[in-house]
$ cat entry_30.pdb   # PDB, C-alpha atoms
MODEL        1
ATOM      1  CA  MET A  28     -33.970  -3.627 136.892
ATOM      2  CA  SER A  29     -33.009  -7.137 135.816
ATOM      3  CA  ASP A  30     -32.203  -9.834 138.374
ATOM      4  CA  LYS A  31     -29.559 -11.342 136.092
ATOM      5  CA  PRO A  32     -26.043 -11.568 137.541
ATOM      6  CA  ILE A  33     -23.773  -8.680 136.508
ATOM      7  CA  ILE A  34     -20.405  -9.285 134.901
ATOM      8  CA  GLY A  35     -17.677  -7.049 133.600
ATOM      9  CA  TYR A  36     -16.362  -8.011 130.163
ATOM     10  CA  GLY A  37     -13.036  -6.654 128.957
ATOM     11  CA  LEU A  38     -11.171  -6.891 125.670
ATOM     12  CA  CYS A  39      -7.423  -6.518 125.213
ATOM     13  CA  GLY A  40      -5.513  -6.230 121.955
ATOM     14  CA  SER A  41      -5.379  -9.770 120.576
ATOM     15  CA  PHE A  42      -7.362  -8.486 117.608
ATOM     16  CA  CYS A  43      -7.494 -11.817 115.754
ATOM     17  CA  THR A  44      -9.636 -13.219 118.605
ATOM     18  CA  HIS A  45     -12.115 -10.340 118.895
ATOM     19  CA  ALA A  46     -14.749 -11.824 116.570
ATOM     20  CA  LYS A  47     -14.782 -15.047 118.600
ATOM     21  CA  SER A  48     -14.914 -13.136 121.891
ATOM     22  CA  LEU A  49     -17.772 -10.925 120.710
ATOM     23  CA  GLY A  50     -19.704 -13.988 119.530
ATOM     24  CA  ILE A  51     -19.410 -15.546 122.983
ATOM     25  CA  LEU A  52     -20.313 -12.239 124.608
ATOM     26  CA  GLU A  53     -23.517 -12.175 122.587
ATOM     27  CA  GLN A  54     -24.409 -15.578 124.075
ATOM     28  CA  LEU A  55     -23.602 -14.386 127.600
ATOM     29  CA  THR A  56     -25.946 -11.406 127.355
ATOM     30  CA  ALA A  57     -28.887 -13.834 127.497
ATOM     31  CA  ASP A  58     -27.924 -14.800 131.069
ATOM     32  CA  TYR A  59     -25.954 -11.814 132.384
ATOM     33  CA  ARG A  60     -26.072  -8.045 132.504
ATOM     34  CA  VAL A  61     -22.732  -6.924 131.119
ATOM     35  CA  ILE A  62     -20.584  -3.857 131.692
ATOM     36  CA  PRO A  63     -18.016  -3.706 128.863
ATOM     37  CA  PHE A  64     -14.520  -2.224 129.068
ATOM     38  CA  VAL A  65     -11.556  -2.177 126.687
ATOM     39  CA  SER A  66      -7.872  -1.400 126.710
ATOM     40  CA  SER A  67      -6.804   1.844 125.088
ATOM     41  CA  ILE A  68      -5.234  -0.121 122.230
ATOM     42  CA  VAL A  69      -8.636  -1.670 121.469
ATOM     43  CA  ALA A  70     -10.381   1.701 121.729
ATOM     44  CA  GLU A  71      -7.921   3.445 119.404
ATOM     45  CA  THR A  72      -6.496   0.958 116.910
ATOM     46  CA  ASP A  73      -7.866  -0.008 113.511
ATOM     47  CA  THR A  74      -6.460  -3.311 112.243
ATOM     48  CA  ARG A  75      -7.022  -5.742 109.396
ATOM     49  CA  PHE A  76      -9.491  -7.447 111.749
ATOM     50  CA  GLY A  77     -11.695  -4.375 112.093
ATOM     51  CA  LYS A  78     -12.042  -0.752 113.075
ATOM     52  CA  ALA A  79     -11.880   0.356 116.707
ATOM     53  CA  ALA A  80     -15.094   2.379 116.404
ATOM     54  CA  ASP A  81     -16.950  -0.666 115.082
ATOM     55  CA  THR A  82     -15.775  -2.818 118.004
ATOM     56  CA  LEU A  83     -16.926  -0.196 120.506
ATOM     57  CA  GLU A  84     -20.285   0.118 118.745
ATOM     58  CA  ILE A  85     -20.805  -3.657 118.782
ATOM     59  CA  LEU A  86     -19.923  -3.849 122.480
ATOM     60  CA  GLU A  87     -22.284  -1.056 123.417
ATOM     61  CA  LYS A  88     -25.102  -2.534 121.334
ATOM     62  CA  LEU A  89     -24.640  -6.052 122.770
ATOM     63  CA  CYS A  90     -24.373  -4.873 126.365
ATOM     64  CA  GLY A  91     -26.721  -1.900 126.356
ATOM     65  CA  HIS A  92     -24.090  -0.071 128.396
ATOM     66  CA  PRO A  93     -21.420   2.486 127.473
ATOM     67  CA  VAL A  94     -17.969   0.978 126.982
ATOM     68  CA  LEU A  95     -15.606   1.976 129.790
ATOM     69  CA  GLN A  96     -12.279   3.137 128.369
ATOM     70  CA  THR A  97     -10.374   4.951 131.114
ATOM     71  CA  ILE A  98      -8.873   4.185 134.500
ATOM     72  CA  PRO A  99     -11.282   6.532 136.322
ATOM     73  CA  GLU A 100     -14.239   4.817 134.623
ATOM     74  CA  THR A 101     -13.133   1.302 135.625
ATOM     75  CA  GLU A 102     -11.857   1.987 139.154
ATOM     76  CA  PRO A 103     -15.375   1.757 140.691
ATOM     77  CA  LEU A 104     -15.754  -1.859 139.453
ATOM     78  CA  GLY A 105     -15.367  -3.518 142.813
ATOM     79  CA  PRO A 106     -15.706  -0.947 145.556
ATOM     80  CA  LYS A 107     -18.826   0.776 144.184
ATOM     81  CA  VAL A 108     -20.093  -1.328 141.266
ATOM     82  CA  HIS A 109     -20.330  -4.882 142.561
ATOM     83  CA  LEU A 110     -19.954  -7.414 139.776
ATOM     84  CA  ASP A 111     -20.678 -11.094 140.276
ATOM     85  CA  ALA A 112     -17.698 -11.903 138.045
ATOM     86  CA  MET A 113     -15.331 -10.310 135.569
ATOM     87  CA  VAL A 114     -14.067 -11.697 132.265
ATOM     88  CA  ILE A 115     -11.087 -10.507 130.227
ATOM     89  CA  ALA A 116     -11.368 -12.089 126.783
ATOM     90  CA  PRO A 117      -8.934 -11.896 125.152
ATOM     91  CA  CYS A 118      -6.328 -11.379 127.824
ATOM     92  CA  THR A 119      -2.979 -10.640 126.185
ATOM     93  CA  GLY A 120       0.429 -11.656 127.492
ATOM     94  CA  ASN A 121       1.072  -8.024 128.369
ATOM     95  CA  THR A 122      -2.012  -7.924 130.575
ATOM     96  CA  LEU A 123      -1.219 -11.349 132.092
ATOM     97  CA  ALA A 124       2.227 -10.028 133.095
ATOM     98  CA  LYS A 125       0.786  -6.857 134.597
ATOM     99  CA  LEU A 126      -1.844  -8.769 136.570
ATOM    100  CA  ALA A 127       0.783 -11.211 137.854
ATOM    101  CA  HIS A 128       2.993  -8.389 139.092
ATOM    102  CA  GLY A 129       0.397  -5.953 140.391
ATOM    103  CA  ILE A 130       0.866  -3.321 137.693
ATOM    104  CA  THR A 131      -2.197  -1.131 137.305
ATOM    105  CA  ASP A 132      -1.564   1.217 134.393
ATOM    106  CA  THR A 133      -4.462   0.492 132.018
ATOM    107  CA  CYS A 134      -8.201   0.520 132.446
ATOM    108  CA  VAL A 135      -8.233  -3.287 132.069
ATOM    109  CA  THR A 136      -5.709  -3.848 134.855
ATOM    110  CA  MET A 137      -7.503  -1.264 137.009
ATOM    111  CA  ALA A 138     -10.838  -2.999 136.407
ATOM    112  CA  ALA A 139      -9.313  -6.337 137.427
ATOM    113  CA  LYS A 140      -7.601  -4.907 140.512
ATOM    114  CA  ALA A 141     -10.747  -3.107 141.627
ATOM    115  CA  HIS A 142     -12.857  -6.215 141.060
ATOM    116  CA  LEU A 143     -10.470  -8.572 142.872
ATOM    117  CA  ARG A 144     -10.501  -6.454 146.020
ATOM    118  CA  ALA A 145     -14.167  -7.463 146.357
ATOM    119  CA  ASP A 146     -13.096 -11.171 146.439
ATOM    120  CA  ARG A 147     -15.083 -12.135 143.363
ATOM    121  CA  PRO A 148     -14.000 -14.315 140.402
ATOM    122  CA  LEU A 149     -11.889 -13.014 137.536
ATOM    123  CA  LEU A 150     -11.888 -15.229 134.427
ATOM    124  CA  LEU A 151      -9.037 -14.835 131.933
ATOM    125  CA  ALA A 152      -9.203 -16.019 128.309
ATOM    126  CA  ALA A 153      -5.527 -15.921 127.395
ATOM    127  CA  ALA A 154      -4.394 -15.174 123.861
ATOM    128  CA  THR A 155      -0.646 -14.731 123.702
ATOM    129  CA  ASN A 156       2.200 -15.787 121.442
ATOM    130  CA  ASP A 157       4.588 -16.119 124.396
ATOM    131  CA  ALA A 158       2.437 -18.128 126.821
ATOM    132  CA  MET A 159       4.895 -21.016 126.904
ATOM    133  CA  SER A 160       7.985 -18.857 127.125
ATOM    134  CA  ALA A 161       8.078 -15.350 128.648
ATOM    135  CA  ASN A 162       4.549 -15.570 130.113
ATOM    136  CA  LEU A 163       4.573 -19.136 131.446
ATOM    137  CA  GLY A 164       5.730 -17.949 134.861
ATOM    138  CA  ASN A 165       3.017 -15.295 134.928
ATOM    139  CA  ILE A 166       0.348 -17.897 134.144
ATOM    140  CA  GLY A 167       1.711 -19.976 137.033
ATOM    141  CA  ILE A 168       1.585 -17.002 139.389
ATOM    142  CA  LEU A 169      -2.009 -16.229 138.415
ATOM    143  CA  LEU A 170      -3.110 -19.865 138.739
ATOM    144  CA  ASN A 171      -2.045 -19.671 142.378
ATOM    145  CA  ARG A 172      -3.972 -16.480 143.124
ATOM    146  CA  LYS A 173      -7.296 -16.512 144.874
ATOM    147  CA  ASN A 174     -10.311 -15.780 142.640
ATOM    148  CA  ILE A 175      -8.400 -15.940 139.327
ATOM    149  CA  TYR A 176      -9.488 -18.567 136.809
ATOM    150  CA  PHE A 177      -8.600 -19.387 133.206
ATOM    151  CA  VAL A 178     -10.620 -20.494 130.228
ATOM    152  CA  PRO A 179      -8.971 -23.754 129.051
ATOM    153  CA  MET A 180      -6.417 -23.115 126.313
ATOM    154  CA  ARG A 181      -4.547 -24.819 123.516
ATOM    155  CA  GLN A 182      -1.708 -24.237 121.123
ATOM    156  CA  ASP A 183      -3.174 -22.571 118.056
ATOM    157  CA  ASP A 184      -0.252 -23.116 115.646
ATOM    158  CA  VAL A 185       2.304 -25.611 116.943
ATOM    159  CA  GLN A 186       4.655 -25.209 113.977
ATOM    160  CA  GLY A 187       4.336 -21.508 113.216
ATOM    161  CA  LYS A 188       3.965 -20.218 116.795
ATOM    162  CA  PRO A 189       5.340 -22.932 119.099
ATOM    163  CA  HIS A 190       5.070 -20.792 122.276
ATOM    164  CA  SER A 191       1.519 -19.547 121.667
ATOM    165  CA  LEU A 192      -1.602 -20.465 123.619
ATOM    166  CA  VAL A 193      -5.148 -19.298 122.932
ATOM    167  CA  ALA A 194      -8.209 -19.821 125.086
ATOM    168  CA  GLU A 195     -10.876 -22.133 123.750
ATOM    169  CA  PHE A 196     -13.472 -19.361 123.608
ATOM    170  CA  ASP A 197     -16.348 -21.820 123.161
ATOM    171  CA  LEU A 198     -15.622 -23.007 126.729
ATOM    172  CA  LEU A 199     -15.942 -19.495 128.159
ATOM    173  CA  PRO A 200     -19.587 -19.829 129.300
ATOM    174  CA  GLN A 201     -18.841 -23.124 131.100
ATOM    175  CA  SER A 202     -15.636 -21.661 132.534
ATOM    176  CA  LEU A 203     -17.573 -18.664 133.835
ATOM    177  CA  ALA A 204     -20.095 -20.945 135.551
ATOM    178  CA  CYS A 205     -17.211 -22.844 137.141
ATOM    179  CA  ALA A 206     -15.503 -19.624 138.265
ATOM    180  CA  LEU A 207     -18.742 -18.396 139.835
ATOM    181  CA  ALA A 208     -18.785 -21.698 141.767
ATOM    182  CA  GLY A 209     -15.132 -21.197 142.818
ATOM    183  CA  VAL A 210     -13.770 -23.977 140.590
ATOM    184  CA  GLN A 211     -11.202 -23.952 137.776
ATOM    185  CA  LYS A 212     -12.609 -25.568 134.595
ATOM    186  CA  ARG A 213     -10.471 -28.599 133.702
ATOM    187  CA  PRO A 214      -8.558 -29.762 131.829
ATOM    188  CA  LEU A 215      -6.795 -26.423 131.636
ATOM    189  CA  PHE A 216      -4.504 -27.314 128.725
ATOM    190  CA  LEU A 217      -6.237 -28.968 125.784
ATOM    191  CA  ALA A 218      -4.704 -31.240 123.179
TER     192      ALA A 218
ENDMDL
END
$ encode --input "entry_30.pdb" --output "structure tokens"
Amino acid sequence: MSDKPIIGYGLCGSFCTHAKSLGILEQLTADYRVIPFVSSIVAETDTRFGKAADTLEILEKLCGHPVLQTIPETEPLGPKVHLDAMVIAPCTGNTLAKLAHGITDTCVTMAAKAHLRADRPLLLAAATNDAMSANLGNIGILLNRKNIYFVPMRQDDVQGKPHSLVAEFDLLPQSLACALAGVQKRPLFLA
């Protein structure tokens, strides 16, 4: 058995960011053992960015672990399967809102809830078109929660999507190291 730290790595439905997230995940597998999990929308939806089955296959190949896709599969992440950290990348506005308000109705929110009860870091890589409108309050709530950290983010299209923020995925490995040390990577909002 490897002595590498173990992380959970979840994907939500911001499909346009999946390629970037999977590229970063590939880098992380050099330093971490990874247990992957996905939202049902990721597991079931083919988009112009790729087929669901292909995403699941890539995740399983990169991680060498079956992809968790149900609430019963992710509930042990925390009480029984102790992870050093958990990453949700991308983390959609829908998931941000659910995490902020304690709603546990998907395998991703269950994974996060289960993990947080073990008092270990949860790193969120936000990707949402309403981050600076409907979800701004939820980001604020989560920034004030113990053990929740964010990958620094920026506006991805100021003119076309003026309320959108997307994590700077290239900063995810550094942000994870900071979260493991109990520190929020700064600056949080990039120009």
$ residues_around --input "entry_30.pdb" --residues "segment 52-60 of chain A" --least-positions-apart "4" --cutoff "6 Å" --atoms "all atoms listed in the file" --output "list of chain:residue names"
A:Lys31, A:Pro32, A:Ile33
$ residues_around --input "entry_30.pdb" --residues "segment 120-133 of chain A" --least-positions-apart "5" --cutoff "9 Å" --atoms "all atoms listed in the file" --output "list in words"
Cys39, Ser66, Ser67, Thr97, Ile98, Ala138, Ala139, Lys140, Leu151, Ala153, Ala154, Thr155, Asn156, Asp157, Ala158, Ala161, Asn162, Gly164, Asn165, Ile166, Gly167, Ile168, Leu169 and Arg172 of chain A
$ closest_residue --input "entry_30.pdb" --among "A:Asp197, A:Met180, A:Leu89, A:Lys188" --to "Phe216 of chain A" --atoms "all atoms listed in the file"
A:Met180
$ residues_around --input "entry_30.pdb" --residues "segment 62-65 of chain A" --least-positions-apart "6" --cutoff "8 Å" --atoms "only C-alpha atoms" --output "ChimeraX atom specification"
/A:33-39,86-87,90,92-96,101,134-135
$ residues_around --input "entry_30.pdb" --residues "Ala206 of chain A" --least-positions-apart "5" --cutoff "10 Å" --atoms "only C-alpha atoms" --output "ChimeraX atom specification"
/A:112-113,147-150,174-178,200-201,211-212
$ closest_residue --input "entry_30.pdb" --among "A:Ala70, A:Val61, A:Val114, A:Leu199" --to "Glu84 of chain A" --atoms "only C-alpha atoms"
A:Ala70
$ resolve_selection --input "entry_30.pdb" --expression "the PyMOL selection byres ((chain A and resi 76) around 9)" --output "list in words"
Phe42, Cys43, Thr44, His45, Ala46, Asp73, Thr74, Arg75, Gly77 and Lys78 of chain A
$ atom_distance --input "entry_30.pdb" --atom1 "atom CA of Ala218 of chain A" --atom2 "atom CA of Gln182 of chain A"
7.9 Å
$ closest_residue --input "entry_30.pdb" --among "A:Leu110, A:Ala141, A:Lys173, A:Cys118" --to "Gly209 of chain A" --atoms "all atoms listed in the file"
A:Lys173
$ axis_aligned_box --input "entry_30.pdb" --around "segment 108-126 of chain A" --padding-each-side "4 Å" --output "JSON"
{"center_x": -9.2, "center_y": -6.7, "center_z": 133.9, "size_x": 30.9, "size_y": 18.8, "size_z": 25.4}
$ atom_distance --input "entry_30.pdb" --atom1 "atom CA of Met159 of chain A" --atom2 "atom CA of Leu192 of chain A"
7.3 Å
$ atom_distance --input "entry_30.pdb" --atom1 "atom CA of Arg181 of chain A" --atom2 "atom CA of Ser48 of chain A"
15.7 Å
$ closest_residue --input "entry_30.pdb" --among "A:Ala208, A:Leu104, A:Val193, A:Ala145" --to "Ser41 of chain A" --atoms "only C-alpha atoms"
A:Val193
$ closest_residue --input "entry_30.pdb" --among "A:Met137, A:Ala116, A:Ile68, A:Val108" --to "Glu195 of chain A" --atoms "all atoms listed in the file"
A:Ala116
$ closest_residue --input "entry_30.pdb" --among "A:Gln186, A:Leu143, A:Pro117, A:Pro214" --to "Lys47 of chain A" --atoms "all atoms listed in the file"
A:Pro117
